[in-house]
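Next comes final-v1.cif, a file with mmCIF, C-alpha atoms.
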data_coords
loop_
_atom_site.group_PDB
_atom_site.id
_atom_site.type_symbol
_atom_site.label_atom_id
_atom_site.label_comp_id
_atom_site.auth_asym_id
_atom_site.auth_seq_id
_atom_site.Cartn_x
_atom_site.Cartn_y
_atom_site.Cartn_z
ATOM 1 C CA LEU V 13 -81.184 -20.431 141.689
ATOM 2 C CA THR V 14 -81.623 -24.196 142.092
ATOM 3 C CA GLY V 15 -78.621 -25.698 140.293
ATOM 4 C CA SER V 16 -80.924 -27.149 137.653
ATOM 5 C CA ALA V 17 -82.012 -25.746 134.305
ATOM 6 C CA TRP V 18 -85.476 -27.096 135.061
ATOM 7 C CA GLY V 19 -85.723 -25.226 138.348
ATOM 8 C CA ASP V 20 -86.323 -28.254 140.558
ATOM 9 C CA TRP V 21 -88.204 -26.902 143.590
ATOM 10 C CA ALA V 22 -86.783 -29.659 145.773
ATOM 11 C CA LEU V 23 -83.296 -28.197 145.280
ATOM 12 C CA TYR V 24 -84.242 -24.715 146.435
ATOM 13 C CA THR V 25 -84.201 -25.464 150.139
ATOM 14 C CA ALA V 26 -83.409 -21.897 151.264
ATOM 15 C CA SER V 27 -86.580 -20.312 149.817
ATOM 16 C CA PRO V 28 -88.666 -18.256 152.282
ATOM 17 C CA LEU V 29 -91.703 -19.502 150.358
ATOM 18 C CA ARG V 30 -91.256 -22.862 152.085
ATOM 19 C CA ALA V 31 -92.711 -21.210 155.163
ATOM 20 C CA PHE V 32 -96.105 -21.336 153.420
ATOM 21 C CA GLU V 33 -96.019 -24.496 151.323
ATOM 22 C CA GLY V 34 -97.802 -26.462 154.053
ATOM 23 C CA GLU V 35 -100.613 -23.914 154.465
ATOM 24 C CA LEU V 36 -104.265 -24.484 153.663
ATOM 25 C CA GLY V 37 -105.048 -23.751 150.041
ATOM 26 C CA VAL V 38 -101.853 -25.361 148.727
ATOM 27 C CA GLN V 39 -103.518 -27.964 146.528
ATOM 28 C CA ALA V 40 -102.679 -30.217 143.608
ATOM 29 C CA PRO V 41 -101.908 -29.922 140.780
ATOM 30 C CA VAL V 42 -100.429 -26.407 141.203
ATOM 31 C CA GLY V 43 -99.124 -26.686 144.770
ATOM 32 C CA PHE V 44 -97.932 -23.415 146.288
ATOM 33 C CA TRP V 45 -98.565 -20.879 143.536
ATOM 34 C CA ASP V 46 -97.393 -17.303 143.866
ATOM 35 C CA PRO V 47 -96.501 -16.081 140.350
ATOM 36 C CA LEU V 48 -96.148 -12.450 141.466
ATOM 37 C CA GLY V 49 -93.880 -13.350 144.382
ATOM 38 C CA LEU V 50 -96.066 -11.536 146.918
ATOM 39 C CA SER V 51 -94.825 -13.798 149.706
ATOM 40 C CA ARG V 52 -91.187 -13.917 148.680
ATOM 41 C CA ASP V 53 -90.114 -12.095 151.840
ATOM 42 C CA GLY V 54 -91.542 -14.856 154.043
ATOM 43 C CA ASN V 55 -93.487 -12.364 156.187
ATOM 44 C CA VAL V 56 -96.000 -14.486 158.112
ATOM 45 C CA ASP V 57 -98.182 -11.555 159.256
ATOM 46 C CA VAL V 58 -98.581 -10.214 155.722
ATOM 47 C CA PHE V 59 -99.315 -13.711 154.412
ATOM 48 C CA LYS V 60 -101.971 -14.228 157.101
ATOM 49 C CA ARG V 61 -103.639 -10.896 156.293
ATOM 50 C CA ARG V 62 -103.741 -11.693 152.578
ATOM 51 C CA ARG V 63 -105.062 -15.179 153.233
ATOM 52 C CA THR V 64 -107.808 -13.721 155.443
ATOM 53 C CA VAL V 65 -108.775 -11.304 152.657
ATOM 54 C CA GLU V 66 -108.753 -14.137 150.102
ATOM 55 C CA ILE V 67 -111.073 -16.271 152.237
ATOM 56 C CA LYS V 68 -113.414 -13.327 152.855
ATOM 57 C CA HIS V 69 -113.618 -12.475 149.156
ATOM 58 C CA GLY V 70 -114.171 -16.144 148.342
ATOM 59 C CA ARG V 71 -117.077 -16.386 150.774
ATOM 60 C CA ILE V 72 -118.668 -13.187 149.449
ATOM 61 C CA SER V 73 -118.219 -14.413 145.872
ATOM 62 C CA MET V 74 -119.852 -17.763 146.669
ATOM 63 C CA LEU V 75 -122.863 -15.931 148.123
ATOM 64 C CA ALA V 76 -122.964 -13.543 145.146
ATOM 65 C CA THR V 77 -122.788 -16.380 142.620
ATOM 66 C CA MET V 78 -125.559 -18.304 144.345
ATOM 67 C CA GLY V 79 -127.528 -15.058 144.570
ATOM 68 C CA TYR V 80 -127.356 -14.595 140.816
ATOM 69 C CA ILE V 81 -128.663 -18.125 140.265
ATOM 70 C CA THR V 82 -131.324 -17.964 142.987
ATOM 71 C CA GLN V 83 -132.807 -14.684 141.722
ATOM 72 C CA GLN V 84 -133.153 -16.219 138.299
ATOM 73 C CA LEU V 85 -135.342 -18.972 139.758
ATOM 74 C CA ILE V 86 -137.038 -17.523 142.855
ATOM 75 C CA ARG V 87 -138.524 -14.131 143.706
ATOM 76 C CA PHE V 88 -140.090 -12.939 146.957
ATOM 77 C CA PRO V 89 -143.744 -11.935 146.685
ATOM 78 C CA GLY V 90 -144.875 -8.461 147.621
ATOM 79 C CA TYR V 91 -143.126 -5.095 147.649
ATOM 80 C CA LEU V 92 -139.468 -4.191 147.933
ATOM 81 C CA SER V 93 -140.492 -0.585 148.625
ATOM 82 C CA PHE V 94 -144.047 0.346 149.616
ATOM 83 C CA SER V 95 -143.379 4.085 149.342
ATOM 84 C CA GLY V 96 -141.808 3.727 145.910
ATOM 85 C CA GLY V 97 -144.319 1.130 144.712
ATOM 86 C CA VAL V 98 -141.492 -1.230 143.712
ATOM 87 C CA LYS V 99 -142.285 -4.945 143.778
ATOM 88 C CA PHE V 100 -139.650 -7.650 144.000
ATOM 89 C CA SER V 101 -140.878 -8.875 140.629
ATOM 90 C CA ASP V 102 -140.063 -5.431 139.152
ATOM 91 C CA VAL V 103 -136.357 -5.771 139.964
ATOM 92 C CA PRO V 104 -134.350 -7.465 137.192
ATOM 93 C CA ASN V 105 -131.688 -10.016 137.928
ATOM 94 C CA GLY V 106 -128.036 -8.950 137.915
ATOM 95 C CA LEU V 107 -126.587 -5.514 137.234
ATOM 96 C CA GLY V 108 -129.931 -4.127 136.103
ATOM 97 C CA ALA V 109 -131.090 -4.236 139.734
ATOM 98 C CA ILE V 110 -128.631 -1.497 140.737
ATOM 99 C CA ALA V 111 -130.817 1.260 139.291
ATOM 100 C CA LYS V 112 -134.070 -0.278 140.532
ATOM 101 C CA VAL V 113 -133.261 -0.626 144.238
ATOM 102 C CA PRO V 114 -134.207 2.591 146.114
ATOM 103 C CA ALA V 115 -131.533 4.638 147.874
ATOM 104 C CA ALA V 116 -132.908 3.588 151.278
ATOM 105 C CA GLY V 117 -132.419 -0.028 150.274
ATOM 106 C CA TRP V 118 -128.789 0.561 149.314
ATOM 107 C CA PHE V 119 -128.288 2.381 152.622
ATOM 108 C CA GLN V 120 -129.491 -0.703 154.496
ATOM 109 C CA ILE V 121 -127.251 -2.973 152.432
ATOM 110 C CA VAL V 122 -124.168 -0.819 153.083
ATOM 111 C CA LEU V 123 -125.048 -0.512 156.773
ATOM 112 C CA TYR V 124 -125.345 -4.289 157.110
ATOM 113 C CA GLY V 125 -122.010 -4.756 155.331
ATOM 114 C CA LEU V 126 -120.346 -2.332 157.733
ATOM 115 C CA TYR V 127 -121.899 -4.170 160.676
ATOM 116 C CA CYS V 128 -120.534 -7.516 159.436
ATOM 117 C CA GLU V 129 -117.103 -5.988 158.907
ATOM 118 C CA GLY V 130 -117.156 -4.333 162.327
ATOM 119 C CA THR V 131 -118.161 -7.452 164.226
ATOM 120 C CA THR V 132 -115.597 -9.684 162.521
ATOM 121 C CA GLN V 133 -112.877 -7.151 163.326
ATOM 122 C CA ASN V 134 -114.084 -6.986 166.958
ATOM 123 C CA TRP V 135 -114.755 -3.249 166.871
ATOM 124 C CA ILE V 136 -118.032 -3.982 168.652
ATOM 125 C CA LEU V 137 -118.017 -6.097 171.801
ATOM 126 C CA PRO V 138 -120.538 -8.950 172.328
ATOM 127 C CA GLY V 139 -122.761 -6.763 174.537
ATOM 128 C CA GLY V 140 -123.056 -4.171 171.745
ATOM 129 C CA ASP V 141 -120.731 -1.704 173.491
ATOM 130 C CA PHE V 142 -117.763 -0.092 171.794
ATOM 131 C CA ASP V 143 -114.272 -0.645 173.137
ATOM 132 C CA PHE V 144 -113.601 2.141 175.610
ATOM 133 C CA ASP V 145 -111.878 0.133 178.323
ATOM 134 C CA GLY V 146 -109.077 -1.710 176.533
ATOM 135 C CA GLN V 147 -111.020 -4.888 175.768
ATOM 136 C CA TYR V 148 -110.586 -4.269 172.062
ATOM 137 C CA MET V 149 -106.848 -4.952 172.167
ATOM 138 C CA LYS V 150 -107.377 -8.095 174.231
ATOM 139 C CA LYS V 151 -109.909 -9.401 171.744
ATOM 140 C CA MET V 152 -107.647 -8.523 168.825
ATOM 141 C CA ASP V 153 -104.777 -10.427 170.410
ATOM 142 C CA ALA V 154 -107.038 -13.455 170.790
ATOM 143 C CA ALA V 155 -108.307 -13.105 167.222
ATOM 144 C CA ASN V 156 -104.776 -12.886 165.841
ATOM 145 C CA LYS V 157 -104.044 -16.330 167.252
ATOM 146 C CA ARG V 158 -106.884 -17.878 165.269
ATOM 147 C CA ALA V 159 -106.469 -19.244 161.768
ATOM 148 C CA PRO V 160 -107.302 -16.903 158.863
ATOM 149 C CA GLY V 161 -111.044 -16.846 158.265
ATOM 150 C CA ASP V 162 -111.852 -18.282 161.700
ATOM 151 C CA TYR V 163 -114.257 -15.921 163.463
ATOM 152 C CA GLY V 164 -115.285 -18.357 166.152
ATOM 153 C CA TRP V 165 -118.512 -19.487 164.454
ATOM 154 C CA LYS V 166 -119.043 -23.202 163.906
ATOM 155 C CA PRO V 167 -121.631 -23.788 161.162
ATOM 156 C CA PRO V 168 -124.024 -26.665 161.921
ATOM 157 C CA LEU V 169 -123.343 -29.942 160.062
ATOM 158 C CA LEU V 170 -120.029 -28.584 158.727
ATOM 159 C CA ALA V 171 -117.917 -27.953 161.835
ATOM 160 C CA THR V 172 -115.884 -30.911 163.038
ATOM 161 C CA ASP V 173 -113.168 -31.737 165.562
ATOM 162 C CA ASP V 174 -111.600 -34.292 163.215
ATOM 163 C CA ALA V 175 -108.367 -32.573 162.132
ATOM 164 C CA GLU V 176 -108.050 -34.352 158.774
ATOM 165 C CA LEU V 177 -111.695 -33.869 157.843
ATOM 166 C CA LYS V 178 -111.538 -30.217 158.926
ATOM 167 C CA LYS V 179 -108.489 -29.636 156.723
ATOM 168 C CA ARG V 180 -110.212 -31.244 153.741
ATOM 169 C CA ARG V 181 -113.336 -29.133 154.203
ATOM 170 C CA LEU V 182 -111.383 -25.905 154.630
ATOM 171 C CA ASN V 183 -109.378 -26.693 151.489
ATOM 172 C CA ALA V 184 -112.654 -27.332 149.664
ATOM 173 C CA GLU V 185 -113.978 -23.971 150.888
ATOM 174 C CA MET V 186 -110.906 -22.167 149.550
ATOM 175 C CA ALA V 187 -111.063 -23.968 146.204
ATOM 176 C CA ASN V 188 -114.772 -23.179 145.836
ATOM 177 C CA GLY V 189 -114.158 -19.572 146.876
ATOM 178 C CA ARG V 190 -111.454 -19.143 144.248
ATOM 179 C CA LEU V 191 -113.740 -20.602 141.592
ATOM 180 C CA ALA V 192 -116.585 -18.350 142.730
ATOM 181 C CA MET V 193 -114.390 -15.233 142.455
ATOM 182 C CA VAL V 194 -113.713 -16.085 138.815
ATOM 183 C CA ALA V 195 -117.371 -17.033 138.257
ATOM 184 C CA ILE V 196 -118.888 -13.828 139.629
ATOM 185 C CA ILE V 197 -116.495 -11.657 137.604
ATOM 186 C CA GLY V 198 -117.489 -13.667 134.512
ATOM 187 C CA MET V 199 -121.167 -13.148 135.356
ATOM 188 C CA PHE V 200 -120.647 -9.401 135.790
ATOM 189 C CA PHE V 201 -118.833 -9.177 132.465
ATOM 190 C CA GLN V 202 -121.417 -11.214 130.568
ATOM 191 C CA ASP V 203 -124.279 -9.348 132.232
ATOM 192 C CA GLY V 204 -122.803 -5.978 131.276
ATOM 193 C CA LEU V 205 -122.087 -7.178 127.744
ATOM 194 C CA THR V 206 -125.320 -8.966 126.909
ATOM 195 C CA GLY V 207 -127.793 -7.969 129.643
ATOM 196 C CA SER V 208 -127.836 -11.515 130.976
ATOM 197 C CA ALA V 209 -125.639 -13.164 133.594
ATOM 198 C CA TRP V 210 -125.555 -16.241 131.390
ATOM 199 C CA GLY V 211 -124.078 -14.283 128.485
ATOM 200 C CA ASP V 212 -126.776 -15.047 125.933
ATOM 201 C CA TRP V 213 -125.155 -14.271 122.578
ATOM 202 C CA ALA V 214 -128.562 -13.717 120.998
ATOM 203 C CA LEU V 215 -129.011 -10.621 123.193
ATOM 204 C CA TYR V 216 -125.798 -8.966 122.023
ATOM 205 C CA THR V 217 -127.160 -7.733 118.704
ATOM 206 C CA ALA V 218 -124.833 -4.721 118.385
ATOM 207 C CA SER V 219 -121.606 -6.705 118.381
ATOM 208 C CA PRO V 220 -119.257 -6.023 115.422
ATOM 209 C CA LEU V 221 -118.310 -9.705 115.705
ATOM 210 C CA ARG V 222 -121.625 -10.563 114.067
ATOM 211 C CA ALA V 223 -120.062 -9.409 110.782
ATOM 212 C CA PHE V 224 -118.095 -12.663 110.778
ATOM 213 C CA GLU V 225 -120.441 -15.188 112.378
ATOM 214 C CA GLY V 226 -121.537 -16.475 108.963
ATOM 215 C CA GLU V 227 -117.978 -17.024 107.704
ATOM 216 C CA LEU V 228 -116.445 -20.391 106.850
ATOM 217 C CA GLY V 229 -114.876 -22.031 109.896
ATOM 218 C CA VAL V 230 -117.685 -20.987 112.235
ATOM 219 C CA GLN V 231 -118.754 -24.434 113.389
ATOM 220 C CA ALA V 232 -120.657 -26.104 116.212
ATOM 221 C CA PRO V 233 -120.359 -26.445 119.116
ATOM 222 C CA VAL V 234 -118.192 -23.321 119.585
ATOM 223 C CA GLY V 235 -119.612 -21.118 116.845
ATOM 224 C CA PHE V 236 -117.686 -17.898 116.202
ATOM 225 C CA TRP V 237 -114.776 -18.026 118.631
ATOM 226 C CA ASP V 238 -112.410 -15.104 119.083
ATOM 227 C CA PRO V 239 -111.285 -15.106 122.736
ATOM 228 C CA LEU V 240 -108.583 -12.475 122.122
ATOM 229 C CA GLY V 241 -110.985 -10.140 120.359
ATOM 230 C CA LEU V 242 -108.768 -9.837 117.273
ATOM 231 C CA SER V 243 -111.778 -9.041 115.093
ATOM 232 C CA ARG V 244 -113.595 -6.813 117.582
ATOM 233 C CA ASP V 245 -113.260 -3.774 115.284
ATOM 234 C CA GLY V 246 -115.300 -5.502 112.581
ATOM 235 C CA ASN V 247 -112.671 -4.648 109.922
ATOM 236 C CA VAL V 248 -113.491 -6.972 107.000
#
Could you write out this structure as structure tokens?
Amino acid sequence: LTGSAWGDWALYTASPLRAFEGELGVQAPVGFWDPLGLSRDGNVDVFKRRRTVEIKHGRISMLATMGYITQQLIRFPGYLSFSGGVKFSDVPNGLGAIAKVPAAGWFQIVLYGLYCEGTTQNWILPGGDFDFDGQYMKKMDAANKRAPGDYGWKPPLLATDDAELKKRRLNAEMANGRLAMVAIIGMFFQDGLTGSAWGDWALYTASPLRAFEGELGVQAPVGFWDPLGLSRDGNV
């Protein structure tokens, strides 16, 4: 492929992946990383769509991660549902809240999500009217010329016209979004496993792994460590 047993990337000058190696999100120490070869065909439109989805998921994950932390520390006073008699203080943090929030509340959440999705995709025009006169296609053409994740909103104190500073901040957003996607999945897993987003081992009393937590080799600060779950069946 490259003329070198070590696969020197500098020697592979004909790769279609080079079309994306200068894009935002290509950061040290990994550089352009596409282990599944999803962009091997060099299709710019497909790459842009996937990058837009990545940024969107990263932003949602950052909000979700901060939401988990915030709910642990702060709760609104009063009632979440007057008709159901549900107070905000009655709703547990994390996955336990799913069963506590009334159906009307979930309807509002889904409706708001659809509104956000619709407005970012320009299905609804600024005046609140739907596209019946061809403006939709014009707006889509204009949107397609923008960078992935750019919906025309400039957040106060963060937006800048300095090209280098803007690039650094957008790279930071992508890096934080990627970390948040991993973090929120970890929180979901730990919450489902232990009942706490922080994965408190003391709450997971039914684990078969507790059969071995008093064995030799179980030492601080890690304690009983079996990341591959080789002893999950509790077979002594």
| message | as a list in words, please: the residues near V:Gln39 (cut-off 10 Å, all atoms listed in the file, same-chain neighbours under 6 positions excluded). | response |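 Counting only the stated atoms, we get Glu33, Trp45, Asn183, Ala184, Met186 and Ala187 of chain V.
Coordinates place atom CA of V:Ile197 at a distance of 11.9 Å from atom CA of V:Trp210.
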| If we count only C-alpha atoms, what is near V:Gly70 at a cut-off of 6 Å, once residues fewer than 6 positions away on the same chain are taken out, given as a list in words? |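 In the requested format, the answer is Gly189, Arg190 and Met193 of chain V.
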| field | Separation of atom CA of V:Asp46 from atom CA of V:Leu170 in Å | value | 29.3 Å
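Coordinates place atom CA of V:Ala209 at a distance of 24.0 Å from atom CA of V:Asp245.
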| message | What would the selection look like, as a list in words, if the PyMOL selection byres ((chain V and resi 109) around 12) were run on the coordinates I just shared? | response |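 Selected by the PyMOL selection byres ((chain V and resi 109) around 12) here: Tyr80, Gln83, Leu92, Val98, Lys99, Phe100, Ser101, Asp102, Val103, Pro104, Asn105, Gly106, Leu107, Gly108, Ile110, Ala111, Lys112, Val113, Pro114, Gly117, Trp118, Asp203, Gly204, Gly207 and Ser208 of chain V.
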Padding 5 Å on every side, please: axis-aligned box over the listed atoms of stretch 34-52 of chain V, centre and edge lengths to one decimal in Å, as JSON.
{"center_x": -98.1, "center_y": -20.9, "center_z": 147.4, "size_x": 23.9, "size_y": 28.7, "size_z": 24.1}
